[in-house]
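Everything below concerns the one structure shown next.
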Amino acid sequence: MELIDNYGRVLKDLRISITPRCNFHCVYCHPLGMEMSDPPGTVSVADVRHFLAAAASLGMDAVRFTGGEPLVRRELPQMIEAAATTPGVRDVAITTNGSIFRKRHKELVAAGLQRINISLDAVDPEVFRQLTRGAEISAVLDAIDLSLELGLHPVKLNAVVIGGVNDGEVPALAELSVDRPLHVRFIEYMHLNNAPFDEYRRQYVSGAETRRRIEERFGPLQPVETDPSSPARVWQIEGAAGTVGFINSVSEPFCSHCSRLRLTSDKKIRPCLLTELELDIAAAFAAADPVAALQEALLRAAGKKPEKGSTLPTLRQRVMLGIGG
Ligand code: SAM
């Protein structure tokens with residue numbers, strides 16, 4: 001059984017946001033303060049288990065837990081365990097800022113975590129502090145070392161490039177891929193934070209420009225074969241152990257290959273990151289047979305997945321923190 005939308009795209013990848021809370025306050029993502037606790041109605045472990053059973057029965061086989069910051073959610077290991085033990089799920093990952101990974105890694109790995117994406121937008125501690133509004137880089141660098149030691153594979157690093165803020169960090173970030181098998185992915189800044197339009201336009205940097213900066217320092221990049229449904233176009237610095245990738249969601253949208261559906265922490269399916277459309281499926285979670293009701297909800301969501309999203313600056317009802325990147 002496959003979940004196919006109206007444009008022939010096979011939907012395989014689930015992003016599950018498990019909390020709107022985050023212990024970082026990144027300038028491009030977190031316009032609000034940290035909530036003290038998850039709001040009532042936030043997805044529970046049982047909800048995640050039911051949702052995964054429904055999604056996997058429809059052929060969705062890759063799950064990435066995100067947020068907010070997934071590591072601030074106490075029940076993350078139980079959710080990972082639910083994913084790792086759902087028949088048909090073959091890939092269980094998290095996207096995290098890494099800050100408390102050292103504290104929690106044992107329970108996560110024991111639960112079945114296979115791989116990790118760590119957000120790292122700068123190598124310079126001061127630029128990092130500025131971007132995260134005060135966080136220390138050392139714990140994040142430590143999480144990267146630890147992920148490699150644990151054999152999580154691949155270890156991907158996500159960097160959003162923002163002009164005048166961290167674009168000068170691009171060569172140093174790319175350099176992280178040289179000696180160790182780290183996969184550094186440069187993400188174009190999307191207008192998902194309701195930033196003032198002119199400020200956003202000033203700060204947006206295209207993936208082509210980011211690539212030019214890397215090649216200026218390291219010479220021509222070598223192409224690496226990539227799964228076409230992956231949003232990243234992947235390259236390698238000559239002789240490097242890892243890779244550099246470009247997620248050019250704004251300048252080169254990859255909607256025609258999109259294989260994703262998102263579940264937000266307040267129980268809505270978001271079929272496309274870049275349109276406002278959301279299906280409230282709280283009733284399906286509360287149904288007598290939640291797995292059957294969620295299967296039906298997933299089919300409905302696939303039928304409504306827009307052909308393409310829009311990255312044009314516009315006032316959005318929900319910002320990235322609440323959607324789950
Ligand atoms: N807290 C986790 C983390 O730091 O990775 C997970 C949530 S965060 C919203 C997921 C990813 O979305 C991060 O890699 C972040 O850089 C990216 N992101 C957030 N806002 C963005 C924006 N406006 N444009 C592009 N990427 C963004």
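Identifiers in the structure tokens: chain A, B, ... in order shown; residue index from 1 per chain; ligand index from 1 in order shown.
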Using only C-alpha atoms, which residues of range 212-268 of chain A come within 7 Å of range 40-54 of chain A, and what is the closest atom pair for each, with the distance in Å to one decimal? Give it as a Markdown table, sorted by chain and residue number.
```
| residue | atom | partner | partner_atom | distance |
| --- | --- | --- | --- | --- |
| A:Ser265 | CA | A:Thr42 | CA | 5.3 |
| A:Asp266 | CA | A:Thr42 | CA | 4.9 |
| A:Lys267 | CA | A:Val43 | CA | 6.3 |
```
Please identify every polymer residue within 7 Å of ligand 1, using only C-alpha atoms and all ligand atoms, and present the set as a compact mmCIF listing (two decimals) with all heavy atoms, in the first residue's frame.
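Generated file (selection.txt):
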```txt
# COMPACT_ATOMS: atom_id res chain seq x y z
N CYS A 22 11.16 25.22 23.05
CA CYS A 22 12.56 25.12 22.65
C CYS A 22 13.41 25.87 23.67
O CYS A 22 13.01 26.93 24.16
CB CYS A 22 12.78 25.70 21.26
SG CYS A 22 14.47 25.41 20.66
N TYR A 28 15.98 33.50 13.74
CA TYR A 28 15.16 33.29 12.54
C TYR A 28 13.98 32.36 12.82
O TYR A 28 13.22 32.02 11.93
CB TYR A 28 16.01 32.70 11.41
CG TYR A 28 16.74 31.43 11.80
CD1 TYR A 28 16.08 30.22 11.80
CD2 TYR A 28 18.06 31.47 12.19
CE1 TYR A 28 16.72 29.06 12.19
CE2 TYR A 28 18.71 30.32 12.58
CZ TYR A 28 18.04 29.13 12.57
OH TYR A 28 18.67 27.98 12.96
N CYS A 29 13.85 31.90 14.05
CA CYS A 29 12.87 30.85 14.29
C CYS A 29 12.00 31.09 15.51
O CYS A 29 10.90 30.61 15.57
CB CYS A 29 13.62 29.52 14.47
SG CYS A 29 12.61 28.07 14.73
N THR A 66 10.82 16.18 15.58
CA THR A 66 11.35 17.53 15.60
C THR A 66 10.53 18.37 16.58
O THR A 66 9.80 17.84 17.40
CB THR A 66 11.38 18.09 14.16
OG1 THR A 66 11.90 19.42 14.18
CG2 THR A 66 10.02 18.10 13.49
N GLY A 67 10.64 19.68 16.49
CA GLY A 67 9.90 20.55 17.40
C GLY A 67 9.87 21.96 16.84
O GLY A 67 10.03 22.12 15.62
N GLY A 68 9.83 22.89 17.69
CA GLY A 68 10.40 23.01 19.02
C GLY A 68 11.72 22.21 19.11
O GLY A 68 12.34 21.91 18.11
N GLU A 69 12.08 21.93 20.32
CA GLU A 69 13.28 21.12 20.52
C GLU A 69 12.84 19.76 21.07
O GLU A 69 12.38 19.66 22.20
CB GLU A 69 14.25 21.83 21.48
CG GLU A 69 15.43 21.00 21.93
CD GLU A 69 16.15 20.31 20.78
OE1 GLU A 69 16.43 20.94 19.76
OE2 GLU A 69 16.44 19.10 20.92
N PRO A 70 12.99 18.69 20.25
CA PRO A 70 12.46 17.39 20.68
C PRO A 70 13.10 16.87 21.97
O PRO A 70 12.47 16.15 22.73
CB PRO A 70 12.74 16.46 19.50
CG PRO A 70 13.77 17.15 18.67
CD PRO A 70 13.58 18.62 18.89
N THR A 95 15.70 15.79 14.63
CA THR A 95 16.37 17.05 14.34
C THR A 95 16.43 17.82 15.64
O THR A 95 15.40 18.03 16.28
CB THR A 95 15.60 17.86 13.28
OG1 THR A 95 15.64 17.15 12.06
CG2 THR A 95 16.25 19.22 13.04
N THR A 96 17.63 18.22 16.03
CA THR A 96 17.81 18.79 17.37
C THR A 96 18.85 19.89 17.34
O THR A 96 19.70 19.94 16.44
CB THR A 96 18.26 17.67 18.34
OG1 THR A 96 18.60 18.24 19.60
CG2 THR A 96 19.47 16.90 17.83
N ASN A 97 18.81 20.73 18.38
CA ASN A 97 19.90 21.69 18.51
C ASN A 97 21.08 21.07 19.25
O ASN A 97 22.13 21.70 19.40
CB ASN A 97 19.43 22.99 19.20
CG ASN A 97 18.91 22.77 20.62
OD1 ASN A 97 19.42 21.94 21.35
ND2 ASN A 97 17.90 23.56 21.00
N ASN A 117 20.05 14.81 12.98
CA ASN A 117 20.36 16.07 12.29
C ASN A 117 20.56 17.11 13.38
O ASN A 117 19.67 17.30 14.22
CB ASN A 117 19.19 16.56 11.43
CG ASN A 117 18.88 15.64 10.27
OD1 ASN A 117 19.57 14.66 10.02
ND2 ASN A 117 17.82 15.95 9.55
N ILE A 118 21.71 17.74 13.38
CA ILE A 118 21.99 18.74 14.42
C ILE A 118 22.08 20.12 13.75
O ILE A 118 22.78 20.28 12.74
CB ILE A 118 23.31 18.41 15.16
CG1 ILE A 118 23.19 17.05 15.85
CG2 ILE A 118 23.65 19.51 16.17
CD1 ILE A 118 24.44 16.57 16.56
N SER A 119 21.37 21.07 14.30
CA SER A 119 21.41 22.41 13.72
C SER A 119 22.64 23.14 14.25
O SER A 119 22.87 23.18 15.46
CB SER A 119 20.15 23.19 14.10
OG SER A 119 19.04 22.51 13.55
N ASN A 158 22.70 21.05 10.03
CA ASN A 158 21.86 22.00 9.29
C ASN A 158 22.29 23.42 9.61
O ASN A 158 22.34 23.80 10.78
CB ASN A 158 20.40 21.89 9.72
CG ASN A 158 19.75 20.59 9.24
OD1 ASN A 158 20.25 19.93 8.35
ND2 ASN A 158 18.62 20.26 9.84
N ALA A 159 22.55 24.20 8.58
CA ALA A 159 22.89 25.60 8.79
C ALA A 159 21.99 26.49 7.93
O ALA A 159 21.96 26.34 6.70
CB ALA A 159 24.35 25.85 8.43
N VAL A 160 21.26 27.36 8.56
CA VAL A 160 20.47 28.35 7.81
C VAL A 160 21.38 29.56 7.60
O VAL A 160 21.97 30.06 8.56
CB VAL A 160 19.21 28.78 8.61
CG1 VAL A 160 18.41 29.82 7.84
CG2 VAL A 160 18.35 27.57 8.94
N ILE A 187 20.90 25.60 4.36
CA ILE A 187 19.48 25.77 4.09
C ILE A 187 19.20 27.23 3.78
O ILE A 187 19.64 28.12 4.52
CB ILE A 187 18.65 25.35 5.34
CG1 ILE A 187 18.98 23.91 5.73
CG2 ILE A 187 17.17 25.53 5.11
CD1 ILE A 187 18.31 23.45 7.03
N GLU A 188 18.50 27.47 2.67
CA GLU A 188 18.11 28.86 2.40
C GLU A 188 17.10 29.32 3.44
O GLU A 188 16.17 28.58 3.80
CB GLU A 188 17.48 28.96 1.00
CG GLU A 188 18.51 28.92 -0.11
CD GLU A 188 17.91 29.09 -1.51
OE1 GLU A 188 16.67 28.99 -1.65
OE2 GLU A 188 18.68 29.29 -2.45
N TYR A 189 17.33 30.52 3.89
CA TYR A 189 16.46 31.16 4.88
C TYR A 189 15.07 31.32 4.27
O TYR A 189 14.92 31.94 3.22
CB TYR A 189 17.09 32.50 5.23
CG TYR A 189 16.38 33.40 6.20
CD1 TYR A 189 15.52 32.89 7.17
CD2 TYR A 189 16.61 34.77 6.16
CE1 TYR A 189 14.90 33.75 8.08
CE2 TYR A 189 16.00 35.63 7.06
CZ TYR A 189 15.13 35.11 8.01
OH TYR A 189 14.52 35.96 8.90
N MET A 190 14.07 30.72 4.91
CA MET A 190 12.69 30.85 4.42
C MET A 190 11.94 31.85 5.29
O MET A 190 12.19 31.93 6.49
CB MET A 190 11.98 29.49 4.49
CG MET A 190 12.54 28.46 3.54
SD MET A 190 11.70 26.87 3.72
CE MET A 190 12.51 26.18 5.13
N HIS A 191 11.01 32.52 4.67
CA HIS A 191 10.23 33.50 5.43
C HIS A 191 9.15 32.77 6.22
O HIS A 191 7.97 32.78 5.87
CB HIS A 191 9.63 34.55 4.50
CG HIS A 191 9.01 35.68 5.26
ND1 HIS A 191 7.68 35.71 5.60
CD2 HIS A 191 9.56 36.79 5.81
CE1 HIS A 191 7.44 36.79 6.31
NE2 HIS A 191 8.55 37.47 6.44
N LEU A 192 9.58 32.12 7.29
CA LEU A 192 8.64 31.34 8.10
C LEU A 192 8.59 31.87 9.52
O LEU A 192 8.16 31.19 10.43
CB LEU A 192 9.07 29.87 8.12
CG LEU A 192 8.73 29.08 6.86
CD1 LEU A 192 9.34 27.70 6.92
CD2 LEU A 192 7.22 28.96 6.69
N ASN A 193 9.08 33.06 9.70
CA ASN A 193 9.15 33.62 11.06
C ASN A 193 8.47 34.97 11.16
O ASN A 193 8.63 35.66 12.15
CB ASN A 193 10.61 33.75 11.49
CG ASN A 193 11.42 34.56 10.49
OD1 ASN A 193 10.95 34.87 9.40
ND2 ASN A 193 12.63 34.92 10.87
N MET A 320 7.73 28.77 12.13
CA MET A 320 8.47 27.51 12.04
C MET A 320 8.49 26.74 13.36
O MET A 320 8.33 25.52 13.38
CB MET A 320 9.91 27.81 11.61
CG MET A 320 10.72 26.60 11.26
SD MET A 320 10.08 25.84 9.75
CE MET A 320 11.56 25.06 9.14
N LEU A 321 8.66 27.47 14.44
CA LEU A 321 8.75 26.81 15.74
C LEU A 321 7.52 25.93 16.00
O LEU A 321 7.62 24.85 16.56
CB LEU A 321 8.86 27.86 16.85
CG LEU A 321 8.96 27.25 18.23
CD1 LEU A 321 10.37 26.80 18.51
CD2 LEU A 321 8.48 28.22 19.28
N GLY A 324 7.39 22.76 13.10
CA GLY A 324 8.36 21.68 13.17
C GLY A 324 9.13 21.61 11.88
O GLY A 324 8.58 21.27 10.84
N GLY A 325 10.40 21.98 11.94
CA GLY A 325 11.21 22.03 10.70
C GLY A 325 11.80 20.69 10.35
O GLY A 325 11.65 19.74 11.08
```
* A:Pro125, A:Thr210, A:Leu182, A:Thr314 ranked by distance to Pro196 in chain A, top pick (using only C-alpha atoms) ->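 Counting only C-alpha atoms, the residue closest to Pro196 in chain A is A:Thr314.
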* Asked: What's the 8 Å shell around Ala93 in chain A, counting only C-alpha atoms, without same-chain residues fewer than 4 positions away, as a ChimeraX atom specification?
  -> /A:63-65,113-117
* Asked: Restricting the calculation to only C-alpha atoms, which member of A:Arg262, A:Arg180, A:Arg15, A:Arg213 is positioned closest to Ala240 in chain A?
  ->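 Nearest to Ala240 in chain A: A:Arg180.
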* **Near-Ala174 in chain A list (7 Å; only C-alpha atoms; drop same-chain fewer than 6 positions) as JSON, numbers by chain** => {"A": [184, 214, 244]}
* **Contact residues around Ser57 in chain A with only C-alpha atoms at 12 Å, ignoring same-chain residues under 3 positions, as a list in words** =>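 In the requested form, the answer reads Met1, Glu2, Leu3, Lys12, His50, Phe51, Leu52, Ala53, Ala54, Met60, Asp61, Thr86, Pro87, Gly88, Val89, Val291, Ala292, Leu294, Gln295, Glu296, Leu298 and Leu299 of chain A.
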Mind writing the picked residues with C-alpha atoms as an mmCIF file, in the first residue's frame?
```cif
data_model
loop_
_atom_site.group_PDB
_atom_site.id
_atom_site.type_symbol
_atom_site.label_atom_id
_atom_site.label_comp_id
_atom_site.auth_asym_id
_atom_site.auth_seq_id
_atom_site.Cartn_x
_atom_site.Cartn_y
_atom_site.Cartn_z
ATOM 1 C CA MET A 1 0.000 0.000 0.000
ATOM 2 C CA GLU A 2 1.318 3.429 -0.873
ATOM 3 C CA LEU A 3 0.121 6.887 0.032
ATOM 4 C CA LYS A 12 7.019 8.239 2.571
ATOM 5 C CA HIS A 50 -1.283 5.182 16.764
ATOM 6 C CA PHE A 51 -0.244 7.717 14.153
ATOM 7 C CA LEU A 52 2.841 5.708 13.239
ATOM 8 C CA ALA A 53 0.836 2.488 12.951
ATOM 9 C CA ALA A 54 -1.581 4.217 10.578
ATOM 10 C CA MET A 60 5.265 5.711 5.151
ATOM 11 C CA ASP A 61 8.578 4.336 6.322
ATOM 12 C CA THR A 86 6.357 -0.092 14.269
ATOM 13 C CA PRO A 87 6.460 -2.690 11.480
ATOM 14 C CA GLY A 88 7.405 -1.024 8.205
ATOM 15 C CA VAL A 89 9.295 1.906 9.712
ATOM 16 C CA VAL A 291 -5.511 3.757 13.901
ATOM 17 C CA ALA A 292 -8.377 3.340 11.420
ATOM 18 C CA LEU A 294 -5.887 8.188 11.438
ATOM 19 C CA GLN A 295 -5.488 6.117 8.267
ATOM 20 C CA GLU A 296 -8.553 7.873 6.920
ATOM 21 C CA LEU A 298 -3.828 10.546 6.307
ATOM 22 C CA LEU A 299 -5.586 9.616 3.064
#
```
* Proximity to Lys304 in chain A - best of A:Ile269, A:Cys255, A:Leu146, A:Val109, only C-alpha atoms ->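 Counting only C-alpha atoms, the residue closest to Lys304 in chain A is A:Ile269.
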* as a PyMOL selection string, please: all residues of range 90-207 of chain A that backbone DSSP puts in strand (DSSP E). => chain A and resi 91-96+115-119+155-161+182-188
Find the residues near Gly164 in chain A: any atom within 10 Å, counting only C-alpha atoms, skip ones fewer than 6 places away on the same chain, and give them as a PDB file with N, CA and C atoms, in the first residue's frame.
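Generated file (selection-v1.pdb):
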```pdb
ATOM      1  N   ARG A 202      16.608  41.495   2.556  1.00  0.00           N
ATOM      2  CA  ARG A 202      18.019  41.886   2.716  1.00  0.00           C
ATOM      3  C   ARG A 202      18.865  40.720   3.203  1.00  0.00           C
ATOM      4  N   GLN A 203      18.287  39.884   4.056  1.00  0.00           N
ATOM      5  CA  GLN A 203      19.079  38.838   4.715  1.00  0.00           C
ATOM      6  C   GLN A 203      19.098  37.510   3.964  1.00  0.00           C
ATOM      7  N   TYR A 204      18.183  37.352   3.005  1.00  0.00           N
ATOM      8  CA  TYR A 204      18.134  36.086   2.256  1.00  0.00           C
ATOM      9  C   TYR A 204      19.405  35.914   1.424  1.00  0.00           C
ATOM     10  N   VAL A 205      19.987  34.730   1.475  1.00  0.00           N
ATOM     11  CA  VAL A 205      21.175  34.416   0.667  1.00  0.00           C
ATOM     12  C   VAL A 205      20.865  33.160  -0.138  1.00  0.00           C
TER      13      VAL A 205
END
```
* Could you give me the residues within range 5-250 of chain A that DSSP places in alpha helix (DSSP H), as an MDAnalysis selection string? => chainID A and resid 45:57 76:84 101:111 125:131 138:149 170:179 197:203 207:218
* Between A:Glu199, A:Asp142, A:Glu136, A:Glu215, single out the one closest to Pro171 in chain A, counting only C-alpha atoms. =>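 For Pro171 in chain A, the nearest of the given residues is A:Glu215.
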* **Proximity to Gly239 in chain A - best of A:Asp145, A:Asp91, A:Glu169, A:Glu175, only C-alpha atoms** =>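 Looking only at the distances to Gly239 in chain A, the closest residue turns out to be A:Glu175.
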* Work out how far apart CA of Phe101 in chain A and CA of Leu11 in chain A are and give it in Å to one decimal. =>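 So the two atoms, CA of Phe101 in chain A and CA of Leu11 in chain A, lie 29.6 Å apart.
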* To do: Excluding Ala301 in chain A and residues on its chain fewer than 6 positions from it, collect all residues at most 9 Å away from it, counting only C-alpha atoms, and give them as a list in words.
  => Asp5, Leu261, Ile269, Arg270, Pro271, Glu278 and Leu279 of chain A
